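start-v2.cif, holding mmCIF, C-alpha atoms:
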```cif
data_target
#
loop_
_atom_site.label_atom_id
_atom_site.label_comp_id
_atom_site.auth_asym_id
_atom_site.auth_seq_id
_atom_site.Cartn_x
_atom_site.Cartn_y
_atom_site.Cartn_z
CA MET A 1 5.45 44.83 -76.82
CA PRO A 2 8.68 44.82 -74.78
CA ALA A 3 10.58 46.87 -77.32
CA LYS A 4 14.11 45.49 -77.42
CA ASP A 5 15.65 48.91 -77.18
CA VAL A 6 14.11 50.17 -73.96
CA PRO A 7 17.01 51.10 -71.66
CA ASP A 8 17.34 49.03 -68.47
CA ILE A 9 17.18 52.19 -66.40
CA VAL A 10 13.71 52.90 -67.83
CA VAL A 11 12.54 49.36 -67.09
CA SER A 12 13.88 49.70 -63.55
CA ARG A 13 11.51 52.61 -62.91
CA LEU A 14 8.35 50.88 -64.16
CA PRO A 15 7.82 48.87 -60.94
CA LEU A 16 7.98 52.12 -58.96
CA TYR A 17 5.25 53.57 -61.16
CA LEU A 18 3.22 50.40 -60.80
CA ARG A 19 3.51 50.40 -57.01
CA ALA A 20 2.46 54.05 -56.76
CA LEU A 21 -0.46 53.60 -59.16
CA SER A 22 -1.67 50.46 -57.36
CA PHE A 23 -1.60 52.38 -54.10
CA LEU A 24 -3.51 55.30 -55.65
CA ALA A 25 -6.08 52.95 -57.18
CA GLU A 26 -6.64 51.35 -53.77
CA GLU A 27 -7.17 54.81 -52.32
CA GLY A 28 -9.94 55.26 -54.88
CA LEU A 29 -8.27 57.89 -57.06
CA GLN A 30 -9.05 57.85 -60.77
CA VAL A 31 -6.68 60.26 -62.51
CA ILE A 32 -3.19 61.59 -61.83
CA SER A 33 -0.95 63.98 -63.70
CA SER A 34 2.69 63.19 -64.42
CA LYS A 35 3.50 66.17 -62.19
CA GLU A 36 1.66 64.71 -59.19
CA LEU A 37 3.05 61.24 -59.81
CA GLY A 38 6.53 62.68 -60.17
CA HIS A 39 6.17 64.57 -56.92
CA LYS A 40 5.23 61.35 -55.10
CA LEU A 41 8.17 59.45 -56.54
CA GLY A 42 10.86 62.11 -56.65
CA ILE A 43 11.13 61.66 -60.41
CA SER A 44 10.64 64.52 -62.85
CA PRO A 45 7.33 64.60 -64.76
CA ALA A 46 9.27 64.83 -68.02
CA GLN A 47 11.14 61.65 -67.13
CA ILE A 48 7.91 59.81 -66.37
CA ARG A 49 6.32 60.89 -69.64
CA LYS A 50 9.43 59.90 -71.56
CA ASP A 51 9.69 56.52 -69.83
CA LEU A 52 6.07 55.67 -70.56
CA SER A 53 6.28 56.88 -74.15
CA HIS A 54 8.46 53.84 -74.90
CA PHE A 55 5.37 51.70 -74.51
CA GLY A 56 2.59 53.77 -76.04
CA GLU A 57 0.29 56.68 -75.35
CA PHE A 58 -1.13 56.48 -71.84
CA GLY A 59 -2.28 60.00 -71.06
CA LYS A 60 -3.73 62.99 -72.83
CA GLN A 61 -2.07 66.37 -72.62
CA GLY A 62 -3.67 68.26 -69.77
CA THR A 63 -5.90 65.47 -68.46
CA GLY A 64 -3.38 63.17 -66.78
CA TYR A 65 -3.29 59.39 -66.61
CA ASN A 66 -6.21 57.10 -65.91
CA ILE A 67 -4.78 55.34 -62.86
CA GLN A 68 -6.42 51.93 -63.25
CA TYR A 69 -5.73 51.77 -66.96
CA LEU A 70 -2.07 52.69 -66.60
CA ARG A 71 -1.69 50.27 -63.68
CA ASP A 72 -3.12 47.44 -65.78
CA GLN A 73 -0.90 48.33 -68.74
CA LEU A 74 2.19 48.35 -66.51
CA ARG A 75 1.22 44.94 -65.11
CA ARG A 76 1.01 43.67 -68.66
CA ILE A 77 4.31 45.26 -69.70
CA LEU A 78 6.04 43.83 -66.61
CA LYS A 79 4.31 40.46 -67.15
CA VAL A 80 2.82 40.28 -63.70
CA THR A 81 -0.85 40.01 -64.64
CA GLU A 82 -0.83 36.53 -63.13
CA GLU A 83 1.07 35.13 -60.17
CA ARG A 84 4.34 33.45 -61.03
CA GLU A 85 5.85 30.65 -59.02
CA VAL A 86 9.05 31.44 -57.15
CA ALA A 87 11.60 28.99 -55.74
CA LEU A 88 13.07 30.08 -52.42
CA VAL A 89 16.49 28.75 -51.46
CA GLY A 90 17.42 29.07 -47.80
CA ALA A 91 15.12 28.11 -44.94
CA GLY A 92 16.90 30.17 -42.32
CA ASP A 93 15.65 33.28 -40.56
CA LEU A 94 15.49 35.28 -43.77
CA GLY A 95 13.81 32.47 -45.71
CA ARG A 96 11.15 32.20 -43.03
CA ALA A 97 10.64 35.95 -43.05
CA LEU A 98 10.22 35.90 -46.83
CA MET A 99 7.76 33.04 -46.63
CA HIS A 100 5.60 35.11 -44.30
CA TYR A 101 6.12 38.34 -46.23
CA GLY A 102 2.80 40.00 -46.95
CA GLY A 103 4.00 42.03 -49.91
CA PHE A 104 4.05 39.40 -52.68
CA SER A 105 0.34 38.78 -52.82
CA GLY A 106 -1.45 40.40 -55.73
CA ARG A 107 1.79 41.74 -57.18
CA GLY A 108 2.74 38.81 -59.41
CA PHE A 109 4.61 36.34 -57.23
CA ARG A 110 4.01 33.32 -55.04
CA ILE A 111 6.69 31.27 -53.30
CA SER A 112 5.93 27.67 -54.12
CA LEU A 113 9.10 25.69 -53.32
CA VAL A 114 11.60 25.97 -50.46
CA PHE A 115 15.07 24.44 -50.46
CA ASP A 116 17.80 24.15 -47.85
CA ASN A 117 21.06 22.19 -47.68
CA ASN A 118 20.85 21.46 -43.95
CA PRO A 119 19.95 17.73 -43.52
CA GLN A 120 18.22 18.57 -40.24
CA LYS A 121 15.89 20.95 -42.03
CA VAL A 122 15.21 18.88 -45.15
CA GLY A 123 11.88 17.10 -44.82
CA GLN A 124 10.70 19.46 -42.08
CA LYS A 125 7.79 21.81 -42.61
CA MET A 126 8.21 25.54 -43.04
CA GLY A 127 4.73 27.03 -43.13
CA PRO A 128 2.82 25.09 -45.78
CA PHE A 129 5.99 23.76 -47.42
CA GLU A 130 8.12 20.71 -46.93
CA ILE A 131 11.73 21.85 -47.09
CA LEU A 132 13.47 20.19 -50.03
CA ASP A 133 17.13 19.28 -50.34
CA SER A 134 19.16 21.91 -52.21
CA GLY A 135 20.77 19.02 -54.05
CA SER A 136 17.49 18.52 -55.89
CA ILE A 137 17.16 22.13 -57.12
CA GLU A 138 18.29 21.23 -60.60
CA THR A 139 15.69 18.52 -61.19
CA ILE A 140 12.69 19.84 -59.25
CA VAL A 141 12.88 23.46 -60.37
CA ALA A 142 13.37 22.34 -63.97
CA ASP A 143 10.42 19.91 -63.75
CA ARG A 144 8.16 22.65 -62.46
CA GLY A 145 9.35 25.08 -65.10
CA ILE A 146 10.00 27.75 -62.50
CA GLU A 147 11.87 30.76 -63.88
CA ILE A 148 12.24 32.91 -60.77
CA ALA A 149 14.18 32.25 -57.58
CA ILE A 150 15.07 34.03 -54.36
CA VAL A 151 18.44 33.23 -52.82
CA ALA A 152 18.50 33.65 -49.03
CA VAL A 153 21.60 31.67 -48.12
CA PRO A 154 24.93 32.76 -46.59
CA ALA A 155 27.43 34.48 -48.90
CA GLU A 156 29.70 31.45 -49.11
CA ALA A 157 26.88 29.22 -50.43
CA ALA A 158 25.32 31.69 -52.86
CA GLN A 159 27.33 31.01 -56.02
CA GLU A 160 26.77 27.26 -55.83
CA VAL A 161 23.03 27.75 -55.36
CA VAL A 162 22.89 30.22 -58.24
CA ASP A 163 24.74 27.77 -60.50
CA ALA A 164 22.18 25.05 -59.70
CA LEU A 165 19.29 27.44 -60.33
CA VAL A 166 20.76 28.46 -63.67
CA ARG A 167 21.15 24.82 -64.69
CA ALA A 168 17.49 24.33 -63.74
CA GLY A 169 16.50 27.03 -66.21
CA VAL A 170 15.89 29.91 -63.81
CA LYS A 171 16.12 33.26 -65.58
CA ALA A 172 15.57 35.75 -62.78
CA ILE A 173 17.31 35.62 -59.40
CA LEU A 174 16.80 37.90 -56.43
CA ASN A 175 19.91 37.59 -54.29
CA TYR A 176 19.94 38.54 -50.60
CA ALA A 177 23.45 37.20 -49.98
CA PRO A 178 26.00 40.03 -49.63
CA ILE A 179 28.05 38.83 -52.58
CA THR A 180 28.09 39.48 -56.32
CA VAL A 181 27.31 36.26 -58.19
CA LYS A 182 28.22 35.27 -61.73
CA VAL A 183 25.52 34.21 -64.16
CA PRO A 184 25.54 33.52 -67.88
CA GLU A 185 24.13 35.94 -70.44
CA GLY A 186 20.35 35.96 -70.40
CA VAL A 187 20.00 35.36 -66.66
CA HIS A 188 19.04 38.39 -64.58
CA VAL A 189 20.15 39.04 -61.03
CA GLN A 190 18.95 41.72 -58.67
CA TYR A 191 20.40 42.33 -55.23
CA ILE A 192 18.76 43.28 -51.98
CA ASP A 193 21.40 45.33 -50.22
CA PRO A 194 20.17 47.25 -47.18
CA VAL A 195 23.43 49.22 -46.98
CA ILE A 196 22.74 50.89 -50.32
CA HIS A 197 19.48 52.20 -48.90
CA LEU A 198 21.05 53.27 -45.60
CA GLN A 199 23.80 55.16 -47.42
CA ARG A 200 21.20 57.00 -49.51
CA MET A 201 20.04 58.54 -46.24
CA THR A 202 23.29 59.18 -44.35
CA TYR A 203 24.17 61.74 -47.01
CA TYR A 204 21.45 63.94 -45.57
CA LEU A 205 22.35 63.51 -41.89
CA MET B 1 30.29 69.70 -48.97
CA PRO B 2 26.83 68.20 -49.42
CA ALA B 3 25.71 70.91 -51.79
CA LYS B 4 22.07 71.61 -51.05
CA ASP B 5 21.11 71.43 -54.68
CA VAL B 6 22.31 67.93 -55.57
CA PRO B 7 19.26 66.08 -56.90
CA ASP B 8 18.08 63.09 -54.83
CA ILE B 9 18.41 60.87 -57.87
CA VAL B 10 22.13 61.69 -58.04
CA VAL B 11 22.58 60.96 -54.34
CA SER B 12 20.76 57.65 -54.81
CA ARG B 13 23.44 56.50 -57.27
CA LEU B 14 26.44 57.33 -55.07
CA PRO B 15 26.13 54.18 -52.92
CA LEU B 16 26.15 52.08 -56.10
CA TYR B 17 29.40 53.75 -57.15
CA LEU B 18 30.84 53.25 -53.68
CA ARG B 19 29.93 49.55 -53.63
CA ALA B 20 31.48 48.95 -57.05
CA LEU B 21 34.64 50.89 -56.18
CA SER B 22 35.04 49.08 -52.85
CA PHE B 23 34.76 45.78 -54.68
CA LEU B 24 37.32 46.86 -57.29
CA ALA B 25 39.69 48.09 -54.58
CA GLU B 26 39.43 44.71 -52.82
CA GLU B 27 40.26 43.03 -56.11
CA GLY B 28 43.44 45.10 -56.17
CA LEU B 29 42.58 47.39 -59.08
CA GLN B 30 43.94 50.93 -59.00
CA VAL B 31 42.30 52.87 -61.81
CA ILE B 32 39.00 52.67 -63.67
CA SER B 33 37.48 54.76 -66.45
CA SER B 34 33.94 56.08 -66.30
CA LYS B 35 33.27 53.84 -69.29
CA GLU B 36 34.33 50.66 -67.49
CA LEU B 37 32.52 51.68 -64.31
CA GLY B 38 29.42 52.51 -66.32
CA HIS B 39 29.53 49.15 -68.03
CA LYS B 40 29.64 47.37 -64.66
CA LEU B 41 26.73 49.35 -63.31
CA GLY B 42 24.53 49.74 -66.37
CA ILE B 43 24.81 53.52 -66.06
CA SER B 44 26.14 55.71 -68.87
CA PRO B 45 29.68 57.07 -68.45
CA ALA B 46 28.37 60.59 -69.07
CA GLN B 47 25.90 60.16 -66.22
CA ILE B 48 28.63 58.99 -63.86
CA ARG B 49 30.88 61.92 -64.75
CA LYS B 50 28.00 64.34 -64.34
CA ASP B 51 26.94 62.85 -61.00
CA LEU B 52 30.46 63.04 -59.58
CA SER B 53 31.03 66.56 -60.89
CA HIS B 54 28.55 67.79 -58.28
CA PHE B 55 31.17 67.03 -55.64
CA GLY B 56 34.45 68.00 -57.25
CA GLU B 57 37.03 66.81 -59.74
CA PHE B 58 37.80 63.14 -59.22
CA GLY B 59 39.36 62.02 -62.49
CA LYS B 60 41.54 63.39 -65.21
CA GLN B 61 40.40 63.29 -68.81
CA GLY B 62 41.80 60.12 -70.35
CA THR B 63 43.33 58.62 -67.20
CA GLY B 64 40.24 57.47 -65.32
CA TYR B 65 39.53 57.50 -61.62
CA ASN B 66 41.90 56.47 -58.85
CA ILE B 67 39.73 53.78 -57.28
CA GLN B 68 40.85 54.07 -53.65
CA TYR B 69 40.76 57.84 -53.71
CA LEU B 70 37.28 58.02 -55.21
CA ARG B 71 36.06 55.32 -52.81
CA ASP B 72 37.35 57.32 -49.84
CA GLN B 73 35.80 60.52 -51.15
CA LEU B 74 32.43 58.82 -51.63
CA ARG B 75 32.61 57.47 -48.07
CA ARG B 76 33.20 60.99 -46.87
CA ILE B 77 30.40 62.45 -49.01
CA LEU B 78 27.98 59.76 -47.81
CA LYS B 79 29.24 60.20 -44.22
CA VAL B 80 30.09 56.56 -43.70
CA THR B 81 33.79 56.93 -42.87
CA GLU B 82 32.98 55.62 -39.40
CA GLU B 83 30.43 53.08 -38.26
CA ARG B 84 27.12 54.50 -37.17
CA GLU B 85 24.88 52.90 -34.59
CA VAL B 86 21.59 51.51 -35.85
CA ALA B 87 18.50 50.64 -33.81
CA LEU B 88 16.71 47.53 -35.05
CA VAL B 89 13.00 47.20 -34.27
CA GLY B 90 11.56 43.70 -34.64
CA ALA B 91 13.20 40.59 -33.23
CA GLY B 92 11.37 38.17 -35.49
CA ASP B 93 12.80 36.08 -38.33
CA LEU B 94 13.78 39.12 -40.34
CA GLY B 95 15.28 40.91 -37.35
CA ARG B 96 17.41 37.87 -36.57
CA ALA B 97 18.49 37.61 -40.20
CA LEU B 98 19.49 41.28 -40.17
CA MET B 99 21.43 40.85 -36.94
CA HIS B 100 23.48 38.11 -38.59
CA TYR B 101 23.79 39.93 -41.91
CA GLY B 102 27.40 40.06 -43.01
CA GLY B 103 27.01 43.04 -45.30
CA PHE B 104 26.98 45.91 -42.78
CA SER B 105 30.54 45.52 -41.55
CA GLY B 106 33.00 48.04 -42.94
CA ARG B 107 30.26 49.89 -44.80
CA GLY B 108 29.27 52.37 -42.15
CA PHE B 109 26.70 50.65 -39.95
CA ARG B 110 26.46 48.55 -36.81
CA ILE B 111 23.25 47.36 -35.20
CA SER B 112 23.55 48.24 -31.54
CA LEU B 113 20.03 48.05 -30.10
CA VAL B 114 17.18 45.61 -30.71
CA PHE B 115 13.56 46.21 -29.75
CA ASP B 116 10.43 44.08 -29.84
CA ASN B 117 6.94 44.52 -28.43
CA ASN B 118 6.43 40.85 -27.56
CA PRO B 119 6.65 40.47 -23.75
CA GLN B 120 7.94 36.93 -24.20
CA LYS B 121 10.90 38.20 -26.22
CA VAL B 122 11.72 41.28 -24.15
CA GLY B 123 14.65 40.54 -21.84
CA GLN B 124 15.71 37.52 -23.92
CA LYS B 125 19.01 37.47 -25.78
CA MET B 126 19.25 37.77 -29.55
CA GLY B 127 22.88 37.24 -30.45
CA PRO B 128 24.86 39.67 -28.28
CA PHE B 129 21.82 41.83 -27.53
CA GLU B 130 19.19 41.85 -24.87
CA ILE B 131 15.89 42.50 -26.57
CA LEU B 132 14.40 45.76 -25.29
CA ASP B 133 10.75 46.69 -25.00
CA SER B 134 9.47 48.70 -27.97
CA GLY B 135 7.74 50.90 -25.42
CA SER B 136 11.16 52.25 -24.45
CA ILE B 137 12.24 53.22 -27.97
CA GLU B 138 11.55 56.88 -27.37
CA THR B 139 13.77 57.20 -24.29
CA ILE B 140 16.59 54.75 -25.05
CA VAL B 141 17.15 55.71 -28.68
CA ALA B 142 17.06 59.38 -27.75
CA ASP B 143 19.51 58.84 -24.86
CA ARG B 144 21.94 57.08 -27.15
CA GLY B 145 21.58 59.75 -29.82
CA ILE B 146 20.95 57.13 -32.50
CA GLU B 147 19.83 58.63 -35.81
CA ILE B 148 19.30 55.50 -37.91
CA ALA B 149 16.80 52.69 -37.49
CA ILE B 150 15.69 49.56 -39.31
CA VAL B 151 12.03 48.61 -39.03
CA ALA B 152 11.43 44.87 -39.35
CA VAL B 153 7.94 44.54 -37.88
CA PRO B 154 4.63 43.50 -39.46
CA ALA B 155 2.85 46.07 -41.62
CA GLU B 156 0.18 46.79 -38.99
CA ALA B 157 2.81 47.76 -36.38
CA ALA B 158 5.09 49.79 -38.63
CA GLN B 159 3.53 53.26 -38.37
CA GLU B 160 3.46 53.18 -34.58
CA VAL B 161 7.11 52.11 -34.45
CA VAL B 162 8.09 54.81 -36.92
CA ASP B 163 6.27 57.44 -34.87
CA ALA B 164 8.21 56.40 -31.75
CA LEU B 165 11.51 56.45 -33.65
CA VAL B 166 10.77 59.92 -34.98
CA ARG B 167 9.98 61.17 -31.48
CA ALA B 168 13.32 59.70 -30.36
CA GLY B 169 15.10 61.84 -32.94
CA VAL B 170 15.77 59.22 -35.63
CA LYS B 171 16.34 60.85 -39.01
CA ALA B 172 16.83 57.85 -41.31
CA ILE B 173 14.56 54.80 -41.37
CA LEU B 174 14.93 51.67 -43.47
CA ASN B 175 11.51 50.07 -43.61
CA TYR B 176 11.02 46.38 -44.46
CA ALA B 177 7.31 46.38 -43.68
CA PRO B 178 5.19 46.29 -46.88
CA ILE B 179 3.50 49.59 -46.11
CA THR B 180 4.16 53.24 -46.85
CA VAL B 181 4.72 55.14 -43.61
CA LYS B 182 4.24 58.82 -42.86
CA VAL B 183 7.10 60.85 -41.43
CA PRO B 184 7.57 64.57 -40.85
CA GLU B 185 9.74 66.76 -43.08
CA GLY B 186 13.42 66.11 -42.48
CA VAL B 187 13.07 62.39 -41.73
CA HIS B 188 14.15 60.05 -44.51
CA VAL B 189 12.58 56.68 -45.25
CA GLN B 190 13.80 54.02 -47.64
CA TYR B 191 11.92 50.84 -48.40
CA ILE B 192 13.14 47.32 -48.98
CA ASP B 193 10.61 45.90 -51.39
CA PRO B 194 11.61 42.60 -53.00
CA VAL B 195 8.72 42.82 -55.47
CA ILE B 196 10.18 45.93 -57.10
CA HIS B 197 13.34 43.95 -57.83
CA LEU B 198 11.44 40.90 -59.06
CA GLN B 199 9.34 43.03 -61.41
CA ARG B 200 12.50 44.57 -62.84
CA MET B 201 13.34 41.10 -64.10
CA THR B 202 9.98 39.72 -65.20
CA TYR B 203 9.92 42.35 -67.94
CA TYR B 204 12.70 40.38 -69.64
CA LEU B 205 11.16 36.91 -69.25
#
```
Show how you would write the structure in this file as structure tokens.
Amino acid sequence: MPAKDVPDIVVSRLPLYLRALSFLAEEGLQVISSKELGHKLGISPAQIRKDLSHFGEFGKQGTGYNIQYLRDQLRRILKVTEEREVALVGAGDLGRALMHYGGFSGRGFRISLVFDNNPQKVGQKMGPFEILDSGSIETIVADRGIEIAIVAVPAEAAQEVVDALVRAGVKAILNYAPITVKVPEGVHVQYIDPVIHLQRMTYYL
Amino acid sequence: MPAKDVPDIVVSRLPLYLRALSFLAEEGLQVISSKELGHKLGISPAQIRKDLSHFGEFGKQGTGYNIQYLRDQLRRILKVTEEREVALVGAGDLGRALMHYGGFSGRGFRISLVFDNNPQKVGQKMGPFEILDSGSIETIVADRGIEIAIVAVPAEAAQEVVDALVRAGVKAILNYAPITVKVPEGVHVQYIDPVIHLQRMTYYL
């Protein structure tokens, strides 16, 4: 189903739809119109209908979307119907915070390996995990067939870590380090940059 | 200048332009076309031109944008020409990681107060800061006239913290807790949700 020609910008909105629909389903709602959904998300109803039309017919004119059905379809489209293993690199403050983060559960991801390059940390426990040496990323991540990684290391270490992850076969990297990293074609990187979000608000101050 | 009728979605892209232009300026580049900028950002050149046209004329047909000039204008539009004080709530792992984060500097923000509700942490030092009691958010943040806050507390504590920040006069809140919070009209909230970014990549796996 992932039609090759769906624009990235459309794909980037699907997780927002999924999050809103999951929330509505938990609240016990059954149906929502594109207008109501658009109002919640600050996205025009026409845009929502157009985005979803890339993947099929999900609502009937005038009756709105079945929330659970559309949620399940979006999970399938985004390939998060089951939990995927994630390798976490960086057992510092941020790594520990991510390990305890309550937002992964039920949304398609589970941290299952933790790496750090600090010899004093390697072999120690962090939550349920033994911290592994970053030098073994290439072999261990490849052996486990893990395709997703989170990079929570300082800026100066990020590129080296990303290179090792790429050699291990990782295809999707979420980078918290405040630096743009280089990856080969076919590897996806997303950035967590709190300043982008802060600047989206200062405009209105 | 912030024209009242600029759509939120346009405003949300300005920080991405600013980040890219700042990076290009650091690299020593002087001029960039909307086509090149669009290619870097995965946004169409027409969209970039249209977004910027809300705020004035920044480029000449065929010659591209002056990078430093456009960067400075975007800083002005986003009101980040000077550093703004930020109150951080939550002195846990994530709070510590944010305090050490290297990405705020020079981009308009400086954490200047840290709060926590744990009596064992209150009065302790975290980096250069003495951790303050969350119970004093309302008075201290108001006294300092701080308008921006970062919430790095567990989900179950987030709404209460947000309520106190709002009473203190905070107008922009960056929320890391995996929960949607309620705020009155005129207060802005942005969410850091790593799952949204991960799901943007699993589509392609």
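Distance annotation: of B:Glu26, B:Gly90, B:Leu21, B:Tyr101, the residue with the minimal separation from B:Asp72 is B:Leu21; atom set is all atoms listed in the file.
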message = Take the PyMOL selection byres ((chain A and resi 76) around 12), run it mentally on this structure, and tell me the resulting residues as a PyMOL selection string.
response = (chain A and resi 1-2+14-15+18+55+69-75+77-82+107-108) or (chain B and resi 199+202-203)
Evaluate the PyMOL selection byres ((chain B) within 9 of (chain A)) on the structure here and hand back the selected residues as a ChimeraX atom specification. /B:2,8-9,11-16,19,42-43,77-80,92-98,101-104,107-109,147-148,154-155,171-174,177-179,186,188-205
Between B:Ile140, B:Ile146, B:Ile48, B:Ala91, smallest distance to B:Gly127 by all atoms listed in the file belongs to B:Ala91
Atom CA of B:Ala142 sits from atom CA of B:Glu156 at a separation of 23.9 Å
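Atom pair atom CA of A:Arg167 / atom CA of A:Leu88 has a distance of 15.6 Å (rounded to one decimal).
Take atom CA of A:Gly145 and atom CA of A:Ala168: the distance between them is 8.3 Å.
Considering the residues B:Ile67, B:Val31, B:Met99, B:Val181 and counting only C-alpha atoms, B:Lys125 has its shortest atom-to-atom contact with B:Met99.
Here, the PyMOL selection byres ((chain B and resi 62) around 12) matches Val31, Ile32, Ser33, Ser34, Lys35, Gly59, Lys60, Gln61, Thr63, Gly64 and Tyr65 of chain B.
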Please determine an axis-aligned box that encloses all atoms of stretch 103-122 of chain A listed in the file, with 5 Å added on each side, and express its centre and edge lengths in Å to one decimal as AutoDock Vina command-line options.
```
--center_x 9.8 --center_y 29.9 --center_z -49.8 --size_x 32.5 --size_y 34.3 --size_z 29.2
```
Practice item. Enumerate, as a list in words, the protein, DNA and RNA residues whose atoms approach (6.3, 56.9, -28.5) to within 8 Å, taking into account only C-alpha atoms and the coordinate frame of the file. Key: Gly135, Ser136, Ile137, Glu138, Glu160, Val161, Asp163, Ala164, Leu165, Arg167 and Ala168 of chain B
